[in-house]
Amino acid sequence: MLRYVLSRLLTFLPTFFGVTLIAFSFIRLLPGDPIVVMAGERGISDERYQQLREQFGFDQPLMKQYLDYLWGVLHGDLGQSFVTKKPVWDEFFALFPATLELSICAMIFAVALGLPAGVIAAVNRGKFFDRALMSTALVGYSMPIFWWALLLIIVVSGMMGLTPVSGRISLLYYFDNATGFMLIDSLMSGQKGAFGSAVHHLILPTIVLGTIPLAVIARQTRSAMLEVLSEDYIRTARAKGLSPYRVNGVHALRNALIPVITVIGLSVGTLLAGAILTETIFSWPGIGKWMVDSIFRRDYPVVQGGLLLIAVMVMIVNLTVDVLYGLINPKIRKR
Amino acid sequence: MALTPVSTPTLRNRPGRLHEFWYYFRENRGAVIGLWVFAAFVIVALFAPLIAPHDPTQQYREHLLQPPFWADGGSLTYPLGTDALGRDMLSRLLHGARYSFYVGIVVVAFAASGGIIIGLLAGFAPKWLDTVIMRLMDIILAFPSLLLALVLVAILGPSLTNAMIAIAIVLQPHYVRLTRASVMAERSKDYVTAAKVTGAKLPRLMFVTVLPNCLSPIIVQAALSFSTAILDAAALGFLGMGAQPPTPEWGTMLAEAREFILRAWWVVTFPGLAILLTVLAINLMGDGLRDAFDPKLRRS
């Protein structure tokens with residue numbers, strides 16, 4: 001087992017350096033001189049140009065620039081935002097809880113509906129329920145979520161007036177962001193209605209972000225369940241006279257969960273990509289919106305740093321899933 | 001004694017592969033419906049200028065934000081209404097199909113051909129080269145696809161062409177992995193050894209002997225990434241990083257329509273519906289393809 005973990009870690013390292021190399025190349029790949037591009041249409045004086053060149057180290061040889069960059073990255077220094085002048089690292093981790101909160105809620109939503117839907121479909125294979133659920137799942141899977149978000153805004157916020165359209169909480173409430181998680185902070189603030197407002201703001205973004213993972217989980221659960229249901233031990237369990245609930249819910253589902261858990265773990269990348277669209281539409285102050293805004297503002301250190309941090313995070317999650325999967329399933333370790 | 005000619009069964013004697021494939025594909029009703037919708041989409045894409053009642057960029061200034069014909073104030077001149085600049089929605093949607101079709105074809109062609117060649121290389125290459133290639137693909141896959149595409153477009157400059165390049169780059173590692181995995185499985189089989197013994201050179205071994213036997217998962221992947229390409233291009237257009245206005249690309253149309261969502265539902269509803277239907281049809285087809293190719297799943 002230790003050898004397996006070590007071998008996974010060994011493949012992690014080159015990928016990590018590759019990712020830093022891509023993030024490093026980003027500013028240098030921009031067409032034209034990056035400093036001139038950053039200065040924008042106003043132009044820049046020669047003096048300031050030289051000063052910036054030195055500040056960014058563009059006057060150094062490329063190899064040294066990369067090593068300096070790598071050294072900085074390993075010490076948590078990702079440079080400063082052009083716009084806010086704050087360190088990219090600090091900005092990222094100030095906004096990250098908002099994205100994490102939204103992602104966790106979306107995942108809970110997806111699992112809570114997707115698992116039962118998949119199980120019900122598999123148990124009723126070929127019947128009406130199966131067809132209806134799987135058709136719905138395929139629609140969800142094909143959904144352009146930015147359009148889905150707009151539709152929900154039109155119907156739920158516009159016509160029914162049930163939920164707010166943007167932000168994380170009503171402006172009426174103000175309290176310290178102790179944890180950065182609005183649900184927890186609003187509860188701790190003790191202000192009446194604050195928690196309710198936070199929940200209200202979360203509903204639509206959660207549905208939008210959770211839709212594709214929901215469809216994927218439902219489809220995956222169904223096919224995993226179908227595979228397990230044809231096993232001999234299920235027939236034995238039925239023959240023993242166990243209730244269908246126990247056979248399907250306990251014997252089958254537990255074994256069907258392994259591939260499902262992998263899918264859940266691996267959808268972190270999908271969630272972050274979805275967060276870019278969801279956060280932009282709902283003005284959700286998380287890292288997805290932050291990245292899009294920075295791209296439009298040409299705030300290149302932010303784009304560079306954010307790209308790196310997001311990639312590293314996805315890599316760490318994938319590595320964890322891989323290792324956990326190896327723990328559960330010894331067959332994988334042998335490869 | 002004269003040898004009597006033995007009749008060897010020729011390829012024509014057994015049911016053709018295509019025939020067999022169609023037999024299984026037809027069993028999946030969803031897939032057949034998907035195929036019909038996709039065919040309609042292709043026809044619309046090819047003949048949009050002939051079908052569309054108006055020029056997609058022509059602005060009818062006296063008919064701004066006119067609703068569809070069945071709603072109050074609508075008329076059959078503009079069957080699905082007009083947008084905020086008085087352009088006919090139906091004509092724009094029909095022309096939009098061209099862009100989506102174009103995006104799908106070009107992206108899949110580039111991603112698949114690049115991915116297949118790199119995957120074949122990785123499958124046949126010495127261990128070290130294989131490792132290098134696969135680590136490179138891991139690096140690309142470490143980035144969420146839409147984010148990487150966004151950043152690539154930021155580097156290249158926002159346009160539909162650059163969006164297509166970015167999406168092709170992001171989708172290509174999937175083909176590499178798939179091809180390599182199939183090659184690995186096929187390479188040790190007897191027919192490949194036989195070809196080697198008869199003196200087939202490496203290129204022949206790669207492209208003529210092994211590749212045709214790896215194609216079915218790749219074809220399924222091609223269908224599925226056709227829909228991913230359409231979705232991603234629309235998402236980039238929606239974020240202002242894909243096709244630029246006044247191009248009637250569906251995602252770009254949605255971006256332009258955002259301000260009017262509470263006033264004019266039709267400018268938001270139809271472009272998204274067009275994306276959804278197209279992607280859904282292609283995914284239905286993809287599911288059908290997968291089931292038809294994979295005998296293990298045929299009965300499920």
# chains A, B, ... in the order shown; residues from 1 in each chain; ligands from 1
>>> residues_around(residues="range 149-163 of chain A", least_positions_apart="6", cutoff="9 Å", atoms="only C-alpha atoms", output="PyMOL selection string")
(chain A and resi 200-205+207-209+278+281-282) or (chain B and resi 258+261-262+265+268-269)
>>> residues_around(residues="Asn283 in chain B", least_positions_apart="2", cutoff="12 Å", atoms="only C-alpha atoms", output="MDAnalysis selection string")
(chainID A and resid 135 137:143) or (chainID B and resid 30:35 37:38 220:228 230:231 276:281 285:290)
>>> write_last_selection(atoms="C-alpha atoms", output="PDB file, in the first residue's frame")
ATOM      1  CA  SER A 135     -34.502  11.008 -19.618  1.00  0.00           C
ATOM      2  CA  ALA A 137     -30.904  12.960 -16.139  1.00  0.00           C
ATOM      3  CA  LEU A 138     -29.857  13.149 -19.778  1.00  0.00           C
ATOM      4  CA  VAL A 139     -31.545  16.538 -20.119  1.00  0.00           C
ATOM      5  CA  GLY A 140     -29.703  17.718 -17.009  1.00  0.00           C
ATOM      6  CA  TYR A 141     -26.458  16.336 -18.366  1.00  0.00           C
ATOM      7  CA  SER A 142     -26.933  18.238 -21.634  1.00  0.00           C
ATOM      8  CA  MET A 143     -27.973  21.460 -19.940  1.00  0.00           C
TER       9      MET A 143
ATOM     10  CA  GLY B  30     -33.781   7.543 -27.904  1.00  0.00           C
ATOM     11  CA  ALA B  31     -30.723   7.232 -30.088  1.00  0.00           C
ATOM     12  CA  VAL B  32     -32.822   7.110 -33.249  1.00  0.00           C
ATOM     13  CA  ILE B  33     -34.749  10.217 -32.186  1.00  0.00           C
ATOM     14  CA  GLY B  34     -31.408  11.878 -31.430  1.00  0.00           C
ATOM     15  CA  LEU B  35     -30.205  10.949 -34.883  1.00  0.00           C
ATOM     16  CA  VAL B  37     -32.924  15.736 -34.523  1.00  0.00           C
ATOM     17  CA  PHE B  38     -29.240  15.871 -35.332  1.00  0.00           C
ATOM     18  CA  VAL B 220     -18.274   7.380 -29.058  1.00  0.00           C
ATOM     19  CA  GLN B 221     -15.915   9.946 -27.565  1.00  0.00           C
ATOM     20  CA  ALA B 222     -16.136  11.981 -30.768  1.00  0.00           C
ATOM     21  CA  ALA B 223     -19.917  12.124 -30.510  1.00  0.00           C
ATOM     22  CA  LEU B 224     -19.774  13.145 -26.855  1.00  0.00           C
ATOM     23  CA  SER B 225     -17.089  15.777 -27.392  1.00  0.00           C
ATOM     24  CA  PHE B 226     -19.082  17.218 -30.285  1.00  0.00           C
ATOM     25  CA  SER B 227     -21.693  18.209 -27.713  1.00  0.00           C
ATOM     26  CA  THR B 228     -19.056  19.341 -25.188  1.00  0.00           C
ATOM     27  CA  ILE B 230     -20.892  23.156 -28.639  1.00  0.00           C
ATOM     28  CA  LEU B 231     -21.565  23.720 -24.925  1.00  0.00           C
ATOM     29  CA  LEU B 276     -30.089  22.222 -25.146  1.00  0.00           C
ATOM     30  CA  LEU B 277     -31.914  20.395 -27.955  1.00  0.00           C
ATOM     31  CA  THR B 278     -28.803  20.068 -30.094  1.00  0.00           C
ATOM     32  CA  VAL B 279     -26.626  18.862 -27.232  1.00  0.00           C
ATOM     33  CA  LEU B 280     -29.344  16.507 -26.022  1.00  0.00           C
ATOM     34  CA  ALA B 281     -29.772  14.977 -29.482  1.00  0.00           C
ATOM     35  CA  MET B 285     -26.891   9.498 -30.223  1.00  0.00           C
ATOM     36  CA  GLY B 286     -23.670   9.057 -28.296  1.00  0.00           C
ATOM     37  CA  ASP B 287     -25.386   6.791 -25.761  1.00  0.00           C
ATOM     38  CA  GLY B 288     -26.831   4.756 -28.621  1.00  0.00           C
ATOM     39  CA  LEU B 289     -23.433   4.488 -30.298  1.00  0.00           C
ATOM     40  CA  ARG B 290     -21.851   3.312 -27.068  1.00  0.00           C
TER      41      ARG B 290
END
>>> closest_atom_pairs(of="range 79-149 of chain B", to="range 240-250 of chain B", cutoff="12 Å", atoms="only C-alpha atoms", output="tab-separated table")
residue	atom	partner	partner_atom	distance
B:Asp83	CA	B:Pro248	CA	11.3
B:Leu85	CA	B:Pro246	CA	10.3
B:Arg87	CA	B:Pro248	CA	10.1
B:Asp88	CA	B:Pro248	CA	10.6
B:Met89	CA	B:Pro248	CA	9.3
B:Leu90	CA	B:Pro248	CA	10.5
B:Ser91	CA	B:Pro248	CA	8.9
B:Arg92	CA	B:Pro248	CA	5.3
B:Leu93	CA	B:Pro248	CA	7.0
B:Leu94	CA	B:Pro248	CA	8.8
B:His95	CA	B:Pro248	CA	6.5
B:Gly96	CA	B:Glu249	CA	4.7
B:Ala97	CA	B:Glu249	CA	7.8
B:Arg98	CA	B:Glu249	CA	8.4
B:Tyr99	CA	B:Glu249	CA	6.1
B:Ser100	CA	B:Glu249	CA	7.3
B:Phe101	CA	B:Glu249	CA	10.6
B:Tyr102	CA	B:Glu249	CA	10.8
B:Val103	CA	B:Glu249	CA	10.3
B:Leu146	CA	B:Met241	CA	11.1
B:Leu147	CA	B:Met241	CA	11.5
B:Ala149	CA	B:Met241	CA	9.4
>>> write_last_selection(atoms="N, CA, C and O atoms", output="short mmCIF file (atom, residue, chain, number, x, y, z; two decimals), in the first residue's frame")
data_model
loop_
_atom_site.label_atom_id
_atom_site.label_comp_id
_atom_site.auth_asym_id
_atom_site.auth_seq_id
_atom_site.Cartn_x
_atom_site.Cartn_y
_atom_site.Cartn_z
N ASP B 83 -35.20 40.67 -31.35
CA ASP B 83 -34.38 40.99 -30.17
C ASP B 83 -34.34 42.50 -29.94
O ASP B 83 -35.08 43.26 -30.56
N LEU B 85 -32.45 44.75 -30.80
CA LEU B 85 -32.09 45.61 -31.92
C LEU B 85 -33.03 45.42 -33.10
O LEU B 85 -32.76 45.88 -34.21
N ARG B 87 -33.76 42.52 -34.57
CA ARG B 87 -33.37 41.47 -35.50
C ARG B 87 -34.28 40.25 -35.30
O ARG B 87 -34.67 39.96 -34.17
N ASP B 88 -34.57 39.56 -36.40
CA ASP B 88 -35.49 38.42 -36.34
C ASP B 88 -34.85 37.25 -35.59
O ASP B 88 -33.79 36.75 -35.99
N MET B 89 -35.50 36.79 -34.50
CA MET B 89 -34.94 35.73 -33.67
C MET B 89 -34.79 34.43 -34.46
O MET B 89 -33.76 33.77 -34.39
N LEU B 90 -35.84 34.06 -35.21
CA LEU B 90 -35.80 32.78 -35.92
C LEU B 90 -34.61 32.73 -36.89
O LEU B 90 -33.87 31.75 -36.92
N SER B 91 -34.42 33.81 -37.64
CA SER B 91 -33.32 33.82 -38.60
C SER B 91 -31.98 33.72 -37.89
O SER B 91 -31.07 33.02 -38.33
N ARG B 92 -31.88 34.41 -36.76
CA ARG B 92 -30.62 34.35 -36.01
C ARG B 92 -30.37 32.94 -35.46
O ARG B 92 -29.25 32.44 -35.49
N LEU B 93 -31.45 32.32 -34.97
CA LEU B 93 -31.29 30.97 -34.44
C LEU B 93 -30.87 29.99 -35.53
O LEU B 93 -29.99 29.16 -35.33
N LEU B 94 -31.51 30.11 -36.71
CA LEU B 94 -31.17 29.20 -37.80
C LEU B 94 -29.72 29.39 -38.22
O LEU B 94 -28.99 28.43 -38.44
N HIS B 95 -29.29 30.64 -38.30
CA HIS B 95 -27.89 30.87 -38.64
C HIS B 95 -26.96 30.42 -37.53
O HIS B 95 -25.84 29.99 -37.78
N GLY B 96 -27.46 30.52 -36.27
CA GLY B 96 -26.65 30.07 -35.14
C GLY B 96 -26.29 28.60 -35.25
O GLY B 96 -25.20 28.18 -34.83
N ALA B 97 -27.18 27.81 -35.84
CA ALA B 97 -26.91 26.38 -36.00
C ALA B 97 -25.63 26.18 -36.81
O ALA B 97 -24.86 25.26 -36.55
N ARG B 98 -25.40 27.08 -37.80
CA ARG B 98 -24.19 26.96 -38.61
C ARG B 98 -22.95 27.05 -37.75
O ARG B 98 -22.02 26.28 -37.90
N TYR B 99 -22.94 28.05 -36.84
CA TYR B 99 -21.75 28.24 -36.01
C TYR B 99 -21.52 27.05 -35.10
O TYR B 99 -20.40 26.57 -34.95
N SER B 100 -22.61 26.56 -34.49
CA SER B 100 -22.44 25.43 -33.58
C SER B 100 -21.95 24.20 -34.32
O SER B 100 -21.08 23.48 -33.85
N PHE B 101 -22.52 23.97 -35.51
CA PHE B 101 -22.12 22.81 -36.31
C PHE B 101 -20.65 22.91 -36.69
O PHE B 101 -19.86 21.98 -36.54
N TYR B 102 -20.29 24.11 -37.14
CA TYR B 102 -18.92 24.40 -37.52
C TYR B 102 -17.97 24.16 -36.35
O TYR B 102 -16.95 23.46 -36.47
N VAL B 103 -18.33 24.71 -35.18
CA VAL B 103 -17.51 24.53 -33.98
C VAL B 103 -17.34 23.03 -33.69
O VAL B 103 -16.23 22.54 -33.49
N LEU B 146 -13.06 24.55 -18.76
CA LEU B 146 -13.56 25.86 -19.16
C LEU B 146 -12.57 26.96 -18.75
O LEU B 146 -12.35 27.92 -19.50
N LEU B 147 -11.94 26.79 -17.57
CA LEU B 147 -10.99 27.79 -17.10
C LEU B 147 -9.79 27.86 -18.03
O LEU B 147 -9.35 28.96 -18.43
N ALA B 149 -9.66 26.95 -21.14
CA ALA B 149 -10.09 27.52 -22.41
C ALA B 149 -10.20 29.04 -22.30
O ALA B 149 -9.75 29.77 -23.19
#
>>> residues_around(residues="range 164-173 of chain B", least_positions_apart="6", cutoff="8 Å", atoms="only C-alpha atoms", output="JSON, numbers by chain")
{"B": [103, 106, 107, 108, 110, 111, 112, 114, 115, 137, 138, 140, 141, 145, 148, 149, 150, 152, 153, 225, 229, 232, 233]}
>>> write_last_selection(atoms="N, CA and C atoms", output="compact mmCIF listing (two decimals), in the first residue's frame")
# COMPACT_ATOMS: atom_id res chain seq x y z
N VAL B 103 -18.33 24.71 -35.18
CA VAL B 103 -17.51 24.53 -33.98
C VAL B 103 -17.34 23.03 -33.69
N VAL B 106 -15.10 21.23 -36.45
CA VAL B 106 -13.68 21.61 -36.44
C VAL B 106 -13.00 21.14 -35.15
N VAL B 107 -13.66 21.38 -34.01
CA VAL B 107 -13.05 21.01 -32.73
C VAL B 107 -12.82 19.50 -32.67
N VAL B 108 -13.84 18.72 -33.03
CA VAL B 108 -13.70 17.27 -32.96
C VAL B 108 -12.62 16.80 -33.93
N PHE B 110 -9.96 18.39 -35.01
CA PHE B 110 -8.61 18.68 -34.51
C PHE B 110 -8.27 17.88 -33.27
N ALA B 111 -9.20 17.88 -32.31
CA ALA B 111 -8.92 17.19 -31.05
C ALA B 111 -8.73 15.70 -31.30
N ALA B 112 -9.59 15.11 -32.16
CA ALA B 112 -9.52 13.67 -32.36
C ALA B 112 -8.27 13.30 -33.15
N GLY B 114 -5.42 14.93 -33.56
CA GLY B 114 -4.23 15.14 -32.73
C GLY B 114 -4.14 14.09 -31.63
N GLY B 115 -5.27 13.88 -30.95
CA GLY B 115 -5.28 12.95 -29.82
C GLY B 115 -4.98 11.53 -30.24
N MET B 137 -0.26 15.19 -20.62
CA MET B 137 -1.73 15.17 -20.68
C MET B 137 -2.32 15.39 -19.29
N ASP B 138 -1.68 14.79 -18.26
CA ASP B 138 -2.14 15.01 -16.89
C ASP B 138 -2.13 16.50 -16.55
N ILE B 140 -2.47 19.06 -18.59
CA ILE B 140 -3.61 19.75 -19.21
C ILE B 140 -4.90 19.41 -18.47
N LEU B 141 -5.03 18.14 -18.06
CA LEU B 141 -6.26 17.72 -17.40
C LEU B 141 -6.39 18.26 -15.98
N SER B 145 -11.61 22.42 -17.52
CA SER B 145 -11.52 22.68 -18.96
C SER B 145 -11.94 24.10 -19.34
N LEU B 148 -9.26 26.69 -18.41
CA LEU B 148 -8.10 26.68 -19.29
C LEU B 148 -8.46 27.29 -20.64
N ALA B 149 -9.66 26.95 -21.14
CA ALA B 149 -10.09 27.52 -22.41
C ALA B 149 -10.20 29.04 -22.30
N LEU B 150 -10.75 29.52 -21.18
CA LEU B 150 -10.88 30.97 -20.97
C LEU B 150 -9.52 31.64 -21.00
N LEU B 152 -6.71 30.49 -22.28
CA LEU B 152 -6.12 30.41 -23.62
C LEU B 152 -6.70 31.49 -24.53
N VAL B 153 -8.02 31.69 -24.42
CA VAL B 153 -8.63 32.71 -25.26
C VAL B 153 -8.14 34.10 -24.84
N SER B 225 -17.82 14.51 -27.46
CA SER B 225 -17.09 15.78 -27.39
C SER B 225 -17.63 16.77 -28.41
N ALA B 229 -18.08 20.41 -27.14
CA ALA B 229 -17.52 21.55 -27.88
C ALA B 229 -18.59 22.62 -28.07
N ASP B 232 -19.21 24.28 -24.65
CA ASP B 232 -18.11 25.14 -24.21
C ASP B 232 -18.01 26.40 -25.07
N ALA B 233 -18.21 26.24 -26.39
CA ALA B 233 -18.15 27.41 -27.25
C ALA B 233 -19.26 28.39 -26.89
>>> interface_residues(of="chain A", to="chain B", cutoff="7 Å", atoms="only C-alpha atoms", output="PyMOL selection string")
chain A and resi 15+18-19+29-31+139+142-144+147+154+158+269-270+272-273+295+311+314-315
>>> select_by_dssp(residues="range 35-275 of chain A", states="alpha helix (DSSP H)", output="NGL selection string")
:A and (35-39 or 46-56 or 62-74 or 88-123 or 128-141 or 145-152 or 182-189 or 194-229 or 232-239 or 244-246 or 253-266 or 268-275)
>>> closest_residue(among="A:Met291, A:Leu52, A:Met1, A:Leu271", to="Ile104 in chain A", atoms="only C-alpha atoms")
A:Leu271
